[in-house]
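Q: Structure supplied as coords_29.cif; contents: mmCIF, C-alpha atoms; chains and numbers go by the auth columns.
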data_work
#
loop_
_atom_site.group_PDB
_atom_site.id
_atom_site.type_symbol
_atom_site.label_atom_id
_atom_site.label_comp_id
_atom_site.label_asym_id
_atom_site.label_seq_id
_atom_site.Cartn_x
_atom_site.Cartn_y
_atom_site.Cartn_z
_atom_site.B_iso_or_equiv
_atom_site.auth_seq_id
_atom_site.auth_asym_id
ATOM 1 C CA MET A 1 0.000 0.000 0.000 0.00 13 A
ATOM 2 C CA ASP A 2 2.447 2.632 1.223 0.00 14 A
ATOM 3 C CA GLY A 3 4.459 3.869 -1.731 0.00 15 A
ATOM 4 C CA THR A 4 2.864 1.496 -4.261 0.00 16 A
ATOM 5 C CA ILE A 5 -0.835 2.359 -4.078 0.00 17 A
ATOM 6 C CA ILE A 6 -0.826 5.617 -2.126 0.00 18 A
ATOM 7 C CA ASP A 7 2.095 7.951 -1.511 0.00 19 A
ATOM 8 C CA THR A 8 2.126 7.772 2.276 0.00 20 A
ATOM 9 C CA GLU A 9 5.859 7.242 2.780 0.00 21 A
ATOM 10 C CA PRO A 10 6.567 10.999 3.155 0.00 22 A
ATOM 11 C CA ILE A 11 3.813 11.202 5.802 0.00 23 A
ATOM 12 C CA TRP A 12 5.235 8.232 7.711 0.00 24 A
ATOM 13 C CA GLN A 13 8.647 9.880 7.626 0.00 25 A
ATOM 14 C CA ARG A 14 7.219 13.184 8.919 0.00 26 A
ATOM 15 C CA SER A 15 5.590 11.270 11.761 0.00 27 A
ATOM 16 C CA GLN A 16 8.979 9.845 12.731 0.00 28 A
ATOM 17 C CA VAL A 17 10.609 13.280 12.647 0.00 29 A
ATOM 18 C CA ASP A 18 7.829 14.881 14.698 0.00 30 A
ATOM 19 C CA LEU A 19 7.868 12.114 17.286 0.00 31 A
ATOM 20 C CA THR A 20 11.639 12.118 17.772 0.00 32 A
ATOM 21 C CA GLN A 21 11.644 15.905 18.066 0.00 33 A
ATOM 22 C CA ARG A 22 9.124 15.678 20.912 0.00 34 A
ATOM 23 C CA PHE A 23 11.616 13.613 22.879 0.00 35 A
ATOM 24 C CA GLY A 24 14.734 15.450 21.758 0.00 36 A
ATOM 25 C CA ALA A 25 15.955 12.298 20.037 0.00 37 A
ATOM 26 C CA GLU A 26 18.277 12.248 17.045 0.00 38 A
ATOM 27 C CA TRP A 27 16.696 11.074 13.787 0.00 39 A
ATOM 28 C CA THR A 28 18.169 11.237 10.306 0.00 40 A
ATOM 29 C CA HIS A 29 16.738 10.959 6.812 0.00 41 A
ATOM 30 C CA GLU A 30 18.726 7.746 6.419 0.00 42 A
ATOM 31 C CA ASP A 31 17.005 6.330 9.517 0.00 43 A
ATOM 32 C CA GLY A 32 13.659 6.957 7.860 0.00 44 A
ATOM 33 C CA LEU A 33 14.721 5.406 4.564 0.00 45 A
ATOM 34 C CA SER A 34 15.951 2.282 6.350 0.00 46 A
ATOM 35 C CA LEU A 35 12.377 1.581 7.490 0.00 47 A
ATOM 36 C CA VAL A 36 10.649 1.807 4.104 0.00 48 A
ATOM 37 C CA GLY A 37 8.673 -1.401 3.583 0.00 49 A
ATOM 38 C CA SER A 38 9.386 -2.747 7.066 0.00 50 A
ATOM 39 C CA GLY A 39 6.917 -3.879 9.685 0.00 51 A
ATOM 40 C CA LEU A 40 5.781 -1.210 12.108 0.00 52 A
ATOM 41 C CA GLU A 41 7.212 -3.162 15.025 0.00 53 A
ATOM 42 C CA ARG A 42 10.702 -2.601 13.616 0.00 54 A
ATOM 43 C CA SER A 43 9.953 1.112 13.259 0.00 55 A
ATOM 44 C CA GLY A 44 8.763 1.263 16.847 0.00 56 A
ATOM 45 C CA GLU A 45 11.823 -0.584 18.115 0.00 57 A
ATOM 46 C CA LEU A 46 14.229 1.706 16.248 0.00 58 A
ATOM 47 C CA LEU A 47 12.453 4.871 17.405 0.00 59 A
ATOM 48 C CA ARG A 48 12.525 3.601 20.976 0.00 60 A
ATOM 49 C CA ASP A 49 16.245 2.785 20.664 0.00 61 A
ATOM 50 C CA LYS A 50 16.823 6.322 19.353 0.00 62 A
ATOM 51 C CA GLY A 51 15.279 7.834 22.488 0.00 63 A
ATOM 52 C CA VAL A 52 11.487 7.941 22.085 0.00 64 A
ATOM 53 C CA ASP A 53 10.339 7.129 25.625 0.00 65 A
ATOM 54 C CA MET A 54 7.228 5.156 24.720 0.00 66 A
ATOM 55 C CA GLU A 55 6.384 1.488 24.433 0.00 67 A
ATOM 56 C CA VAL A 56 6.698 0.033 20.916 0.00 68 A
ATOM 57 C CA GLU A 57 2.938 -0.463 20.577 0.00 69 A
ATOM 58 C CA GLU A 58 2.312 3.128 21.709 0.00 70 A
ATOM 59 C CA ILE A 59 4.735 4.376 19.050 0.00 71 A
ATOM 60 C CA ILE A 60 2.980 2.311 16.386 0.00 72 A
ATOM 61 C CA GLN A 61 -0.448 3.638 17.369 0.00 73 A
ATOM 62 C CA TRP A 62 0.838 7.233 17.478 0.00 74 A
ATOM 63 C CA MET A 63 2.353 7.027 13.993 0.00 75 A
ATOM 64 C CA THR A 64 -0.681 5.247 12.547 0.00 76 A
ATOM 65 C CA ASP A 65 -3.050 7.871 13.964 0.00 77 A
ATOM 66 C CA TYR A 66 -0.765 10.633 12.632 0.00 78 A
ATOM 67 C CA VAL A 67 -0.820 9.241 9.091 0.00 79 A
ATOM 68 C CA MET A 68 -4.569 8.531 9.156 0.00 80 A
ATOM 69 C CA GLU A 69 -5.302 12.067 10.347 0.00 81 A
ATOM 70 C CA HIS A 70 -3.293 13.549 7.469 0.00 82 A
ATOM 71 C CA LEU A 71 -5.031 11.287 4.959 0.00 83 A
ATOM 72 C CA ARG A 72 -8.461 12.313 6.229 0.00 84 A
ATOM 73 C CA ASP A 73 -7.582 15.969 5.687 0.00 85 A
ATOM 74 C CA GLY A 74 -7.515 15.603 1.899 0.00 86 A
ATOM 75 C CA GLU A 75 -7.743 13.378 -1.157 0.00 87 A
ATOM 76 C CA LEU A 76 -5.706 10.204 -0.895 0.00 88 A
ATOM 77 C CA PRO A 77 -2.312 10.719 -2.614 0.00 89 A
ATOM 78 C CA TRP A 78 -2.638 7.951 -5.201 0.00 90 A
ATOM 79 C CA ARG A 79 0.561 6.842 -6.904 0.00 91 A
ATOM 80 C CA PRO A 80 0.555 7.352 -10.702 0.00 92 A
ATOM 81 C CA GLY A 81 -1.349 4.582 -12.459 0.00 93 A
ATOM 82 C CA ALA A 82 -2.063 2.589 -9.299 0.00 94 A
ATOM 83 C CA ARG A 83 -5.753 3.332 -8.797 0.00 95 A
ATOM 84 C CA GLU A 84 -6.488 2.911 -12.496 0.00 96 A
ATOM 85 C CA LEU A 85 -4.760 -0.480 -12.574 0.00 97 A
ATOM 86 C CA VAL A 86 -6.578 -1.779 -9.485 0.00 98 A
ATOM 87 C CA GLU A 87 -9.935 -0.687 -10.879 0.00 99 A
ATOM 88 C CA GLU A 88 -9.254 -2.262 -14.285 0.00 100 A
ATOM 89 C CA LEU A 89 -8.179 -5.514 -12.637 0.00 101 A
ATOM 90 C CA HIS A 90 -11.514 -5.569 -10.832 0.00 102 A
ATOM 91 C CA ALA A 91 -13.444 -4.730 -14.011 0.00 103 A
ATOM 92 C CA ARG A 92 -11.781 -7.673 -15.799 0.00 104 A
ATOM 93 C CA GLY A 93 -12.531 -10.123 -13.011 0.00 105 A
ATOM 94 C CA ILE A 94 -9.003 -10.584 -11.676 0.00 106 A
ATOM 95 C CA PRO A 95 -9.057 -11.078 -7.882 0.00 107 A
ATOM 96 C CA THR A 96 -6.710 -8.744 -5.996 0.00 108 A
ATOM 97 C CA ALA A 97 -5.414 -8.445 -2.454 0.00 109 A
ATOM 98 C CA LEU A 98 -3.873 -5.514 -0.622 0.00 110 A
ATOM 99 C CA VAL A 99 -0.786 -6.728 1.263 0.00 111 A
ATOM 100 C CA THR A 100 0.698 -4.181 3.652 0.00 112 A
ATOM 101 C CA MET A 101 2.624 -3.941 6.890 0.00 113 A
ATOM 102 C CA SER A 102 0.468 -1.036 8.029 0.00 114 A
ATOM 103 C CA ARG A 103 -2.194 -1.804 10.608 0.00 115 A
ATOM 104 C CA ARG A 104 -5.570 -3.029 9.348 0.00 116 A
ATOM 105 C CA LYS A 105 -7.397 0.157 10.332 0.00 117 A
ATOM 106 C CA MET A 106 -4.948 2.084 8.166 0.00 118 A
ATOM 107 C CA ALA A 107 -5.163 -0.369 5.249 0.00 119 A
ATOM 108 C CA LEU A 108 -8.939 -0.076 5.233 0.00 120 A
ATOM 109 C CA VAL A 109 -8.654 3.659 4.511 0.00 121 A
ATOM 110 C CA ALA A 110 -7.221 2.849 1.078 0.00 122 A
ATOM 111 C CA ALA A 111 -9.349 -0.243 0.534 0.00 123 A
ATOM 112 C CA GLU A 112 -12.599 1.536 1.361 0.00 124 A
ATOM 113 C CA ALA A 113 -11.702 4.495 -0.873 0.00 125 A
ATOM 114 C CA LEU A 114 -11.816 2.102 -3.834 0.00 126 A
ATOM 115 C CA GLY A 115 -15.109 0.618 -2.700 0.00 127 A
ATOM 116 C CA GLU A 116 -16.451 -2.266 -4.779 0.00 128 A
ATOM 117 C CA ARG A 117 -13.862 -1.533 -7.494 0.00 129 A
ATOM 118 C CA GLY A 118 -10.996 -2.441 -5.219 0.00 130 A
ATOM 119 C CA PHE A 119 -9.522 -5.368 -3.327 0.00 131 A
ATOM 120 C CA ARG A 120 -11.199 -8.661 -2.520 0.00 132 A
ATOM 121 C CA VAL A 121 -8.800 -9.348 0.371 0.00 133 A
ATOM 122 C CA VAL A 122 -6.805 -7.156 2.781 0.00 134 A
ATOM 123 C CA VAL A 123 -3.815 -8.574 4.689 0.00 135 A
ATOM 124 C CA ALA A 124 -2.289 -6.091 7.121 0.00 136 A
ATOM 125 C CA GLY A 125 0.689 -6.107 9.445 0.00 137 A
ATOM 126 C CA ASP A 126 -1.391 -7.061 12.471 0.00 138 A
ATOM 127 C CA ASP A 127 -2.857 -10.042 10.603 0.00 139 A
ATOM 128 C CA VAL A 128 0.416 -11.996 10.449 0.00 140 A
ATOM 129 C CA ASP A 129 2.976 -13.134 12.998 0.00 141 A
ATOM 130 C CA ARG A 130 6.011 -12.334 10.872 0.00 142 A
ATOM 131 C CA PRO A 131 6.374 -9.096 8.886 0.00 143 A
ATOM 132 C CA LYS A 132 7.989 -8.540 5.502 0.00 144 A
ATOM 133 C CA PRO A 133 10.619 -9.657 4.387 0.00 145 A
ATOM 134 C CA PHE A 134 9.050 -12.951 5.537 0.00 146 A
ATOM 135 C CA PRO A 135 6.526 -14.268 2.987 0.00 147 A
ATOM 136 C CA ASP A 136 3.667 -14.790 5.466 0.00 148 A
ATOM 137 C CA ALA A 137 1.482 -11.885 4.335 0.00 149 A
ATOM 138 C CA TYR A 138 1.681 -12.831 0.656 0.00 150 A
ATOM 139 C CA LEU A 139 1.069 -16.511 1.417 0.00 151 A
ATOM 140 C CA SER A 140 -2.003 -15.543 3.446 0.00 152 A
ATOM 141 C CA ALA A 141 -3.290 -13.308 0.632 0.00 153 A
ATOM 142 C CA ALA A 142 -2.918 -16.057 -1.972 0.00 154 A
ATOM 143 C CA ALA A 143 -4.648 -18.578 0.287 0.00 155 A
ATOM 144 C CA GLN A 144 -7.572 -16.213 0.885 0.00 156 A
ATOM 145 C CA LEU A 145 -7.859 -15.591 -2.859 0.00 157 A
ATOM 146 C CA GLY A 146 -7.866 -19.342 -3.422 0.00 158 A
ATOM 147 C CA VAL A 147 -4.871 -19.371 -5.762 0.00 159 A
ATOM 148 C CA GLU A 148 -1.313 -20.635 -5.668 0.00 160 A
ATOM 149 C CA PRO A 149 1.277 -17.942 -4.821 0.00 161 A
ATOM 150 C CA THR A 150 3.153 -18.841 -8.013 0.00 162 A
ATOM 151 C CA ALA A 151 0.076 -17.815 -10.038 0.00 163 A
ATOM 152 C CA CYS A 152 0.123 -14.347 -8.454 0.00 164 A
ATOM 153 C CA VAL A 153 1.773 -11.086 -9.407 0.00 165 A
ATOM 154 C CA ALA A 154 3.027 -8.956 -6.519 0.00 166 A
ATOM 155 C CA ILE A 155 3.766 -5.266 -7.032 0.00 167 A
ATOM 156 C CA GLU A 156 6.177 -3.716 -4.521 0.00 168 A
ATOM 157 C CA ASP A 157 8.158 -0.504 -4.034 0.00 169 A
ATOM 158 C CA SER A 158 10.752 -1.493 -1.406 0.00 170 A
ATOM 159 C CA ALA A 159 13.570 -3.995 -1.113 0.00 171 A
ATOM 160 C CA THR A 160 11.898 -5.486 1.963 0.00 172 A
ATOM 161 C CA GLY A 161 8.600 -5.888 0.149 0.00 173 A
ATOM 162 C CA VAL A 162 10.256 -7.385 -2.915 0.00 174 A
ATOM 163 C CA ALA A 163 12.069 -9.899 -0.715 0.00 175 A
ATOM 164 C CA SER A 164 8.758 -10.881 0.898 0.00 176 A
ATOM 165 C CA ALA A 165 7.007 -11.353 -2.433 0.00 177 A
ATOM 166 C CA VAL A 166 9.909 -13.287 -3.957 0.00 178 A
ATOM 167 C CA ALA A 167 10.034 -15.580 -0.912 0.00 179 A
ATOM 168 C CA SER A 168 6.339 -16.370 -1.376 0.00 180 A
ATOM 169 C CA GLY A 169 6.948 -17.566 -4.925 0.00 181 A
ATOM 170 C CA ALA A 170 4.908 -14.807 -6.568 0.00 182 A
ATOM 171 C CA VAL A 171 6.026 -13.157 -9.774 0.00 183 A
ATOM 172 C CA THR A 172 7.317 -9.834 -8.479 0.00 184 A
ATOM 173 C CA VAL A 173 7.199 -6.399 -10.073 0.00 185 A
ATOM 174 C CA ALA A 174 9.458 -3.825 -8.388 0.00 186 A
ATOM 175 C CA VAL A 175 8.323 -0.230 -8.930 0.00 187 A
ATOM 176 C CA GLU A 176 10.951 2.230 -7.726 0.00 188 A
ATOM 177 C CA HIS A 177 9.736 5.138 -5.615 0.00 189 A
ATOM 178 C CA ILE A 178 11.367 6.416 -2.396 0.00 190 A
ATOM 179 C CA VAL A 179 14.310 4.005 -2.321 0.00 191 A
ATOM 180 C CA PRO A 180 16.409 2.787 -5.285 0.00 192 A
ATOM 181 C CA LEU A 181 15.637 -0.756 -6.437 0.00 193 A
ATOM 182 C CA SER A 182 17.895 -1.000 -9.481 0.00 194 A
ATOM 183 C CA GLU A 183 20.545 -3.045 -7.673 0.00 195 A
ATOM 184 C CA ILE A 184 18.415 -5.298 -5.482 0.00 196 A
ATOM 185 C CA ALA A 185 18.689 -9.048 -5.836 0.00 197 A
ATOM 186 C CA GLY A 186 15.295 -10.391 -6.810 0.00 198 A
ATOM 187 C CA GLY A 187 12.215 -9.352 -8.676 0.00 199 A
ATOM 188 C CA ASP A 188 11.083 -10.455 -12.126 0.00 200 A
ATOM 189 C CA VAL A 189 10.230 -7.036 -13.577 0.00 201 A
ATOM 190 C CA HIS A 190 11.638 -3.604 -12.660 0.00 202 A
ATOM 191 C CA LEU A 191 9.682 -0.418 -13.441 0.00 203 A
ATOM 192 C CA THR A 192 10.007 3.252 -12.570 0.00 204 A
ATOM 193 C CA THR A 193 6.238 3.882 -12.593 0.00 205 A
ATOM 194 C CA LEU A 194 2.855 2.205 -12.970 0.00 206 A
ATOM 195 C CA SER A 195 1.657 5.087 -15.119 0.00 207 A
ATOM 196 C CA GLY A 196 0.452 3.624 -18.398 0.00 208 A
ATOM 197 C CA VAL A 197 0.622 0.045 -17.115 0.00 209 A
ATOM 198 C CA ASP A 198 -2.812 -1.425 -17.808 0.00 210 A
ATOM 199 C CA VAL A 199 -3.826 -5.073 -17.433 0.00 211 A
ATOM 200 C CA ASP A 200 -2.676 -6.039 -20.926 0.00 212 A
ATOM 201 C CA ARG A 201 0.722 -4.451 -20.326 0.00 213 A
ATOM 202 C CA LEU A 202 1.002 -6.166 -16.930 0.00 214 A
ATOM 203 C CA VAL A 203 0.259 -9.534 -18.545 0.00 215 A
ATOM 204 C CA GLU A 204 2.830 -8.817 -21.250 0.00 216 A
ATOM 205 C CA LEU A 205 5.479 -7.960 -18.659 0.00 217 A
ATOM 206 C CA THR A 206 4.815 -10.864 -16.303 0.00 218 A
ATOM 207 C CA GLY A 207 3.631 -13.574 -18.701 0.00 219 A
ATOM 208 C CA PRO A 208 7.051 -15.210 -19.205 0.00 220 A
ATOM 209 C CA ALA A 209 7.707 -15.457 -15.461 0.00 221 A
ATOM 210 C CA LEU A 210 4.183 -16.772 -14.796 0.00 222 A
ATOM 211 C CA ALA A 211 4.670 -19.393 -17.512 0.00 223 A
ATOM 212 C CA ALA A 212 7.996 -20.411 -15.988 0.00 224 A
ATOM 213 C CA ARG A 213 6.420 -20.765 -12.536 0.00 225 A
ATOM 214 C CA ALA A 214 3.612 -22.884 -13.993 0.00 226 A
ATOM 215 C CA GLY A 215 6.142 -25.119 -15.715 0.00 227 A
ATOM 216 C CA LEU A 216 8.118 -25.662 -12.515 0.00 228 A
ATOM 217 C CA THR A 217 5.015 -26.493 -10.490 0.00 229 A
ATOM 218 C CA GLY A 218 3.426 -28.663 -13.137 0.00 230 A
ATOM 219 C CA GLY A 219 0.458 -26.336 -13.466 0.00 231 A
ATOM 220 C CA PRO A 220 -1.143 -25.073 -16.663 0.00 232 A
ATOM 221 C CA VAL A 221 0.954 -22.575 -18.610 0.00 233 A
ATOM 222 C CA PRO A 222 -0.840 -19.180 -18.528 0.00 234 A
ATOM 223 C CA ASP A 223 -2.188 -17.957 -21.849 0.00 235 A
ATOM 224 C CA PRO A 224 -1.665 -14.177 -21.948 0.00 236 A
ATOM 225 C CA ALA A 225 -4.685 -13.812 -24.210 0.00 237 A
ATOM 226 C CA HIS A 226 -6.893 -15.184 -21.425 0.00 238 A
ATOM 227 C CA ALA A 227 -4.837 -14.188 -18.394 0.00 239 A
ATOM 228 C CA ALA A 228 -7.518 -11.820 -17.159 0.00 240 A
ATOM 229 C CA ASP A 229 -9.806 -14.799 -16.640 0.00 241 A
ATOM 230 C CA THR A 230 -7.420 -17.035 -14.774 0.00 242 A
ATOM 231 C CA GLU A 231 -4.760 -15.290 -12.727 0.00 243 A
ATOM 232 C CA GLY A 232 -4.766 -13.827 -9.253 0.00 244 A
ATOM 233 C CA VAL A 233 -2.898 -10.612 -8.581 0.00 245 A
ATOM 234 C CA THR A 234 -1.687 -9.605 -5.139 0.00 246 A
ATOM 235 C CA ARG A 235 -0.256 -6.229 -4.224 0.00 247 A
#
Turn this file's structure into structure tokens for me.

A:
Amino acid sequence: MDGTIIDTEPIWQRSQVDLTQRFGAEWTHEDGLSLVGSGLERSGELLRDKGVDMEVEEIIQWMTDYVMEHLRDGELPWRPGARELVEELHARGIPTALVTMSRRKMALVAAEALGERGFRVVVAGDDVDRPKPFPDAYLSAAAQLGVEPTACVAIEDSATGVASAVASGAVTVAVEHIVPLSEIAGGDVHLTTLSGVDVDRLVELTGPALAARAGLTGGPVPDPAHAADTEGVTR
């Protein structure tokens, strides 16, 4: 969600700066970048180690409320092409899941904004025991969609998220945003934007990797001409 669907990463980073300033703690831009794509528990632990005198769960709730308040104040900051792609996936009958390390109440802000044209399943950070880069959230999403992870496409914007998706077996599209992804190990497709990426283009980009996964697992080889009828997509 954060950085792939809606551009919340700058708001999360402002929340970290504001919170550390309240406690006179030192916080750098590099500290903020190191948390992109991570579970909120890791963020809370690092902020506490830096000098924020609150329990980890209190830090998580404070940051989540901060971001939600800023989102309520205006139109959601959709990433280029993201909303259009999600809505077209729905229109063409491709089941989708929102996979995020944000808390469920935060994830539902984005999911509910899309309404019936959005996600069939939401898996949030408080729904799984292990955060990204572990594959648990993506495995849960695929199971709830009723598809094999290897028949899914995952779209991610962070190295941590890409690692999680790759570990699940999903075909992974890395879309660079806040942090550079050009040199990461992993990912089947690398993009700089989702702008102009419709369902047909997504199938074109990911079809070879989906076919390879199907061959390795003994499943049917996806036919790009009919991919919209058969493949699950997780994000």

Q: Skipping near chain neighbours, those fewer than 6 positions away, what residues fall within 12 Å of Glu87 of chain A using only C-alpha atoms, listed as a list in words?

A: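 With the cut-off at 12 Å, the set is Ile18, Asp19, Thr20, Met80, Glu81, Val121, Ala122 and Ala125 of chain A.
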
Q: Taking the file as I've supplied it (selection: the PyMOL selection byres ((chain A and resi 174) around 10)), which residues are included? Please answer as a PyMOL selection string.

A: chain A and resi 49+144-145+147+166-173+175-180+182-187+193+196-200

Q: Keeping C-alpha atoms, export the residues of the selection given above as an mmCIF file, in the coordinates of the input.

A:
data_model
loop_
_atom_site.group_PDB
_atom_site.id
_atom_site.type_symbol
_atom_site.label_atom_id
_atom_site.label_comp_id
_atom_site.auth_asym_id
_atom_site.auth_seq_id
_atom_site.Cartn_x
_atom_site.Cartn_y
_atom_site.Cartn_z
ATOM 1 C CA GLY A 49 8.673 -1.401 3.583
ATOM 2 C CA LYS A 144 7.989 -8.540 5.502
ATOM 3 C CA PRO A 145 10.619 -9.657 4.387
ATOM 4 C CA PRO A 147 6.526 -14.268 2.987
ATOM 5 C CA ALA A 166 3.027 -8.956 -6.519
ATOM 6 C CA ILE A 167 3.766 -5.266 -7.032
ATOM 7 C CA GLU A 168 6.177 -3.716 -4.521
ATOM 8 C CA ASP A 169 8.158 -0.504 -4.034
ATOM 9 C CA SER A 170 10.752 -1.493 -1.406
ATOM 10 C CA ALA A 171 13.570 -3.995 -1.113
ATOM 11 C CA THR A 172 11.898 -5.486 1.963
ATOM 12 C CA GLY A 173 8.600 -5.888 0.149
ATOM 13 C CA ALA A 175 12.069 -9.899 -0.715
ATOM 14 C CA SER A 176 8.758 -10.881 0.898
ATOM 15 C CA ALA A 177 7.007 -11.353 -2.433
ATOM 16 C CA VAL A 178 9.909 -13.287 -3.957
ATOM 17 C CA ALA A 179 10.034 -15.580 -0.912
ATOM 18 C CA SER A 180 6.339 -16.370 -1.376
ATOM 19 C CA ALA A 182 4.908 -14.807 -6.568
ATOM 20 C CA VAL A 183 6.026 -13.157 -9.774
ATOM 21 C CA THR A 184 7.317 -9.834 -8.479
ATOM 22 C CA VAL A 185 7.199 -6.399 -10.073
ATOM 23 C CA ALA A 186 9.458 -3.825 -8.388
ATOM 24 C CA VAL A 187 8.323 -0.230 -8.930
ATOM 25 C CA LEU A 193 15.637 -0.756 -6.437
ATOM 26 C CA ILE A 196 18.415 -5.298 -5.482
ATOM 27 C CA ALA A 197 18.689 -9.048 -5.836
ATOM 28 C CA GLY A 198 15.295 -10.391 -6.810
ATOM 29 C CA GLY A 199 12.215 -9.352 -8.676
ATOM 30 C CA ASP A 200 11.083 -10.455 -12.126
#

Q: Just how far from atom CA of Met113 of chain A is atom CA of Ala155 of chain A, in Å to one decimal?

A: 17.6 Å

Q: Given the choices A:Leu59, A:Val48, A:Ala223, A:Leu88, which gets closest to Ile17 of chain A if the distance is worked out from all atoms listed in the file?

A: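 Going through A:Leu59, A:Val48, A:Ala223, A:Leu88 one by one, the smallest distance to Ile17 of chain A is for A:Leu88.
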
Q: Compare A:Glu160, A:Glu195, A:Glu96, A:Asp138 by their minimum atom-to-atom distance to Val211 of chain A, counting only C-alpha atoms, and give me the closest one.

A: A:Glu96

Q: Give me the residues near Ser46 of chain A as a list in words, where near means some atom within 12 Å (using all atoms listed in the file) and where sequence neighbours in that chain fewer than 5 positions away do not count.

A: Glu21, Gln25, Trp39, Thr40, His41, Gly51, Arg54, Ser55, Leu58, Leu59, Ser170, Ala171, Thr172, Ile190, Val191 and Pro192 of chain A

Q: Can you tell me, as a PyMOL selection string, what residues are no more than 9 Å from segment 97-103 of chain A when counting all atoms listed in the file, ignoring any on the same chain fewer than 4 positions away?

A: chain A and resi 17+93+107-108+126+128-132+206-211+240+245

Q: Work out how far atom CA of Asp30 of chain A is from atom CA of Glu42 of chain A, in Å to one decimal.

A: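 Answer for the atom CA of Glu42 of chain A to atom CA of Asp30 of chain A separation: 15.4 Å.
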
Q: Quick one: axis-aligned box around all listed atoms of segment 47-66 of chain A, 6 Å on every side, centre and edge lengths in Å to one decimal, written as JSON.

A:
{"center_x": 11.3, "center_y": 2.0, "center_z": 14.6, "size_x": 23.0, "size_y": 23.8, "size_z": 34.0}

Q: As an exercise, work out the distance from atom CA of Val79 of chain A to atom CA of Phe35 of chain A in Å and give it to one decimal place.

A: 19.1 Å

Q: Please enumerate the residues selected by the PyMOL selection byres ((chain A and resi 62-65) around 10) when evaluated against the supplied file, formatted as an NGL selection string.

A: :A and (28 or 31-39 or 43 or 56-61 or 66-68 or 70-71)

Q: May I ask you to restore N, CA, C and O atoms in segment 79-91 of chain A and write the result as a compact mmCIF listing (two decimals), keeping the file's coordinate frame?

A:
# COMPACT_ATOMS: atom_id res chain seq x y z
N VAL A 79 -0.67 9.39 10.54
CA VAL A 79 -0.82 9.24 9.09
C VAL A 79 -2.29 9.26 8.70
O VAL A 79 -2.69 9.93 7.73
N MET A 80 -3.14 8.57 9.47
CA MET A 80 -4.57 8.53 9.16
C MET A 80 -5.19 9.92 9.23
O MET A 80 -6.03 10.29 8.41
N GLU A 81 -4.78 10.71 10.21
CA GLU A 81 -5.30 12.07 10.35
C GLU A 81 -4.95 12.91 9.12
O GLU A 81 -5.78 13.67 8.60
N HIS A 82 -3.71 12.77 8.63
CA HIS A 82 -3.29 13.55 7.47
C HIS A 82 -4.01 13.07 6.20
O HIS A 82 -4.30 13.88 5.31
N LEU A 83 -4.31 11.79 6.12
CA LEU A 83 -5.03 11.29 4.96
C LEU A 83 -6.48 11.76 4.96
O LEU A 83 -7.06 12.05 3.91
N ARG A 84 -7.07 11.86 6.13
CA ARG A 84 -8.46 12.31 6.23
C ARG A 84 -8.60 13.77 5.85
O ARG A 84 -9.68 14.22 5.48
N ASP A 85 -7.52 14.52 5.96
CA ASP A 85 -7.58 15.97 5.69
C ASP A 85 -7.68 16.29 4.20
O ASP A 85 -7.91 17.44 3.83
N GLY A 86 -7.48 15.31 3.33
CA GLY A 86 -7.52 15.60 1.90
C GLY A 86 -7.68 14.35 1.08
O GLY A 86 -7.87 13.24 1.61
N GLU A 87 -7.63 14.50 -0.23
CA GLU A 87 -7.74 13.38 -1.16
C GLU A 87 -6.55 12.44 -0.96
O GLU A 87 -5.42 12.89 -0.72
N LEU A 88 -6.81 11.15 -1.04
CA LEU A 88 -5.71 10.20 -0.90
C LEU A 88 -4.66 10.46 -1.99
O LEU A 88 -5.02 10.64 -3.16
N PRO A 89 -3.37 10.46 -1.62
CA PRO A 89 -2.31 10.72 -2.61
C PRO A 89 -1.99 9.46 -3.42
O PRO A 89 -0.99 8.78 -3.17
N TRP A 90 -2.83 9.15 -4.41
CA TRP A 90 -2.64 7.95 -5.20
C TRP A 90 -1.33 8.03 -6.00
O TRP A 90 -1.00 9.07 -6.55
N ARG A 91 -0.63 6.91 -6.07
CA ARG A 91 0.56 6.84 -6.90
C ARG A 91 0.14 6.78 -8.38
O ARG A 91 -0.92 6.20 -8.71
